[in-house]
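Shown next, in structure tokens, is the structure this report addresses.
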Number of protein chains: 2
Amino acid sequence: MKKQVNPKELDVLLRAAEVACAENGARLTQRRRQVLSELMQSSSPLSAYEVLDLCNRSTTSTMPAMSVYRILDFLEQQQLVHRLSSSSKYVSCAHIACDHKHFQKTHFLLCDGCSSVEEVDATEEASEALEKMAKTVGFKLTTQQFELSGICTTCQDSAGEGL
Amino acid sequence: MKKQVNPKELDVLLRAAEVACAENGARLTQRRRQVLSELMQSSSPLSAYEVLDLCNRSTTSTMPAMSVYRILDFLEQQQLVHRLSSSSKYVSCAHIACDHKHFQKTHFLLCDGCSSVEEVDATEEASEALEKMAKTVGFKLTTQQFELSGICTTCQDSAGEGL
DNA sequence: CGTAATATGATATATTGTATCCTTAACGCT
DNA sequence: AGCGTTAAGGATACAATATATCATATTACG
């Protein structure tokens, strides 16, 4: 399970996100911050409309769905959130506050049990094996980012117990 | 580019599909055959509604969208078609007429250029590398099937020419 | 300040996918 | 063949996801 972030951690993350945007000549506006914040606080991926509901619950003004999609697109471009195509949901990037770089080789491990998502880097080994695989049919890979289903440690452990 | 199937090849494929269903105690009904047939004849993935339109264009009676989804689900269970989650589209399986077995380790190479799809088996090497990668964060993979973007041979070749 | 670029609001609509209830077709059995 | 059971498909409604477009507001910056 993805751990909950406390207010202090959240603040650190949001500041880091702001810096990251600034470095790209972009701005982390109030709305964008709000959307990102909701995703950061969620222990599992959220749909665009779930994000919308959370945003509109926590403020007086109401945001249209269109804005959420626009903002999610923006945040995705900034590598601050990732879209999971297998579920049409969004997660905040796990590497916002560290100096981690994305090389288009990030993978997502989706837990069948608790819906949590683990973001991992491709190993050189895996990456090369996939490129080689593609090469056998003449394909030249442009991106490597995919979603693998499985069972996380927590759910593996709890499977034996209780029920 | 996926090659076009001629009527004779199509017939062979459909017969093989019929046999495959029978082996599972399932039936390839007229409607299911129709849906599968449309997918087999398409050189690129089709959305459910594209399939629907093709079906309703080629017959007098009209099928509701619900039926297409039901049938696509059925065909997917029978491993006769695959759903590409990155585009919400469907392709017919490349291994209907051969004795190929699916081990939940089929991958799809999606060409950015021509939208064609190549279905390939995971190599042992890639599969193991991915399992190992997952294991480093305690994940146990349940399925391995994903979609990789790239450029196919044809599009690579034509990129240098012409324009 | 004025203006261009960026961001957001508002509204409409397209696309993808499900729920539900009912009718029809196939199958298994005496 | 007749009958009950199950599987398949039709009809309708609607939910969820996503985009197009035009108007307004905010920001950057000369």
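Following the order of the structure tokens, chains are lettered A, B, ..., residues in each are numbered from 1, and ligands are numbered from 1.
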(message) Show me, as a list in words, the residues of chain B whose atoms get within 7 Å of chain A, using only C-alpha atoms for the distance check.
(response) Ser85, Ser86, Thr123, Glu125, Ala126, Ala129, Leu130, Met133, Gly138, Phe139, Lys140, Leu141, Thr142, Thr143, Gln144, Phe146, Glu147, Leu148, Ser149, Gly150, Ile151, Cys152 and Thr153 of chain B
Interface rows for chain C against chain B: nearest pair, Å to one decimal, 9 Å, only C-alpha atoms (C1' of nucleotides), as JSON lines:
{"residue": "C:DT15", "atom": "C1'", "partner": "B:Tyr49", "partner_atom": "CA", "distance": 8.8}
{"residue": "C:DT16", "atom": "C1'", "partner": "B:Ser88", "partner_atom": "CA", "distance": 7.9}
{"residue": "C:DG17", "atom": "C1'", "partner": "B:Tyr69", "partner_atom": "CA", "distance": 8.0}
{"residue": "C:DT18", "atom": "C1'", "partner": "B:Met66", "partner_atom": "CA", "distance": 8.5}
(request) Tell me the residues of chain B close to chain D, meaning within 9 Å using only C-alpha atoms (C1' of nucleotides), as a PyMOL selection string. (result) chain B and resi 29+31+63-64+66-67
Given the selection you just returned, output its residues as a file containing N, CA and C atoms, formatted as a PDB file, in the first residue's frame.
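Wrote out_37.pdb, looks like this:
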ATOM      1  N   THR B  29     -21.199 -18.281 -32.630  1.00  0.00           N
ATOM      2  CA  THR B  29     -22.487 -18.035 -33.285  1.00  0.00           C
ATOM      3  C   THR B  29     -22.308 -17.116 -34.487  1.00  0.00           C
ATOM      4  N   ARG B  31     -23.428 -14.060 -34.974  1.00  0.00           N
ATOM      5  CA  ARG B  31     -23.031 -12.711 -34.557  1.00  0.00           C
ATOM      6  C   ARG B  31     -21.558 -12.653 -34.173  1.00  0.00           C
ATOM      7  N   MET B  63     -27.457  -4.364 -35.018  1.00  0.00           N
ATOM      8  CA  MET B  63     -27.023  -4.907 -33.736  1.00  0.00           C
ATOM      9  C   MET B  63     -26.863  -3.740 -32.777  1.00  0.00           C
ATOM     10  N   PRO B  64     -27.274  -3.908 -31.521  1.00  0.00           N
ATOM     11  CA  PRO B  64     -27.051  -2.848 -30.543  1.00  0.00           C
ATOM     12  C   PRO B  64     -25.611  -2.870 -30.037  1.00  0.00           C
ATOM     13  N   MET B  66     -24.507  -2.830 -27.111  1.00  0.00           N
ATOM     14  CA  MET B  66     -24.363  -3.784 -26.015  1.00  0.00           C
ATOM     15  C   MET B  66     -23.894  -5.140 -26.519  1.00  0.00           C
ATOM     16  N   SER B  67     -24.445  -5.586 -27.593  1.00  0.00           N
ATOM     17  CA  SER B  67     -24.091  -6.899 -28.128  1.00  0.00           C
ATOM     18  C   SER B  67     -22.633  -6.953 -28.552  1.00  0.00           C
TER      19      SER B  67
END
(request) If you run DSSP over the backbone, which residues in stretch 3-41 of chain A end up alpha helix (DSSP H)? Put them as a PyMOL selection string. (result) chain A and resi 7-23+30-41
Could the residues in this selection be written to a file with C-alpha atoms, as a compact mmCIF listing (two decimals), in the first residue's frame?
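Output file again_36.txt is given in full below:
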# COMPACT_ATOMS: atom_id res chain seq x y z
CA PRO A 7 0.74 17.68 5.60
CA LYS A 8 4.41 18.43 5.94
CA GLU A 9 5.47 15.87 3.37
CA LEU A 10 2.75 17.13 1.09
CA ASP A 11 4.11 20.61 1.32
CA VAL A 12 7.59 19.44 0.46
CA LEU A 13 6.26 17.58 -2.54
CA LEU A 14 4.26 20.53 -3.78
CA ARG A 15 7.20 22.85 -3.45
CA ALA A 16 9.35 20.43 -5.38
CA ALA A 17 6.67 20.27 -8.06
CA GLU A 18 6.63 24.03 -8.25
CA VAL A 19 10.36 24.10 -8.76
CA ALA A 20 10.14 21.41 -11.41
CA CYS A 21 7.58 23.45 -13.32
CA ALA A 22 9.63 26.59 -13.03
CA GLU A 23 12.58 24.78 -14.51
CA GLN A 30 -3.53 27.26 -7.78
CA ARG A 31 -5.76 24.92 -9.74
CA ARG A 32 -2.90 22.73 -10.84
CA ARG A 33 -1.58 22.59 -7.34
CA GLN A 34 -4.99 21.58 -6.11
CA VAL A 35 -5.32 18.75 -8.60
CA LEU A 36 -1.81 17.52 -7.93
CA SER A 37 -2.37 17.73 -4.22
CA GLU A 38 -5.43 15.50 -4.37
CA LEU A 39 -3.50 12.90 -6.32
CA MET A 40 -0.60 13.04 -3.93
CA GLN A 41 -2.88 12.38 -0.99
(message) Considering only strand (DSSP E or B) as DSSP defines it on the backbone, what residues of stretch 3-152 of chain A qualify? List them as a list in words.
(response)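 Taking stretch 3-152 of chain A and keeping strand (DSSP E or B) only, one gets Leu46, Val81, His82, Arg83, Leu84, Lys89, Tyr90, Val91, Ser92, Thr106, His107, Phe108, Leu109, Leu110, Cys111, Val117, Glu118, Glu119, Val120, Asp121, Lys140, Leu141, Thr142, Thr143, Glu147, Leu148, Ser149, Gly150 and Ile151 of chain A.
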Write the selection just made, keeping C-alpha atoms, as an mmCIF file, in the first residue's frame?
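The new file again03.cif reads:
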data_model
loop_
_atom_site.group_PDB
_atom_site.id
_atom_site.type_symbol
_atom_site.label_atom_id
_atom_site.label_comp_id
_atom_site.auth_asym_id
_atom_site.auth_seq_id
_atom_site.Cartn_x
_atom_site.Cartn_y
_atom_site.Cartn_z
ATOM 1 C CA LEU A 46 -7.987 8.327 -9.243
ATOM 2 C CA VAL A 81 1.529 12.665 -12.766
ATOM 3 C CA HIS A 82 1.170 9.534 -14.844
ATOM 4 C CA ARG A 83 -1.874 8.245 -16.608
ATOM 5 C CA LEU A 84 -2.562 4.551 -16.306
ATOM 6 C CA LYS A 89 -6.760 6.672 -13.899
ATOM 7 C CA TYR A 90 -4.051 8.963 -12.704
ATOM 8 C CA VAL A 91 -1.318 8.776 -10.075
ATOM 9 C CA SER A 92 1.134 11.343 -8.868
ATOM 10 C CA THR A 106 9.092 3.886 -16.000
ATOM 11 C CA HIS A 107 6.823 0.992 -15.246
ATOM 12 C CA PHE A 108 3.838 0.578 -13.009
ATOM 13 C CA LEU A 109 3.075 -2.413 -10.887
ATOM 14 C CA LEU A 110 -0.618 -2.571 -10.178
ATOM 15 C CA CYS A 111 -1.742 -4.621 -7.233
ATOM 16 C CA VAL A 117 0.517 1.308 -7.641
ATOM 17 C CA GLU A 118 4.241 1.010 -7.408
ATOM 18 C CA GLU A 119 6.293 3.055 -9.818
ATOM 19 C CA VAL A 120 9.580 1.482 -10.775
ATOM 20 C CA ASP A 121 12.391 2.137 -13.186
ATOM 21 C CA LYS A 140 12.199 0.158 -33.062
ATOM 22 C CA LEU A 141 10.766 1.131 -29.686
ATOM 23 C CA THR A 142 9.974 4.758 -29.029
ATOM 24 C CA THR A 143 8.660 4.474 -25.506
ATOM 25 C CA GLU A 147 1.521 -1.518 -16.549
ATOM 26 C CA LEU A 148 2.050 -4.900 -15.007
ATOM 27 C CA SER A 149 -0.518 -6.591 -12.832
ATOM 28 C CA GLY A 150 0.466 -8.480 -9.743
ATOM 29 C CA ILE A 151 0.167 -8.788 -6.004
#
(request) Quick one: pull the distance between atom CA of A:Ser115 and atom CA of A:Pro45, Å, one decimal. (result)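 A separation of 7.6 Å between them.
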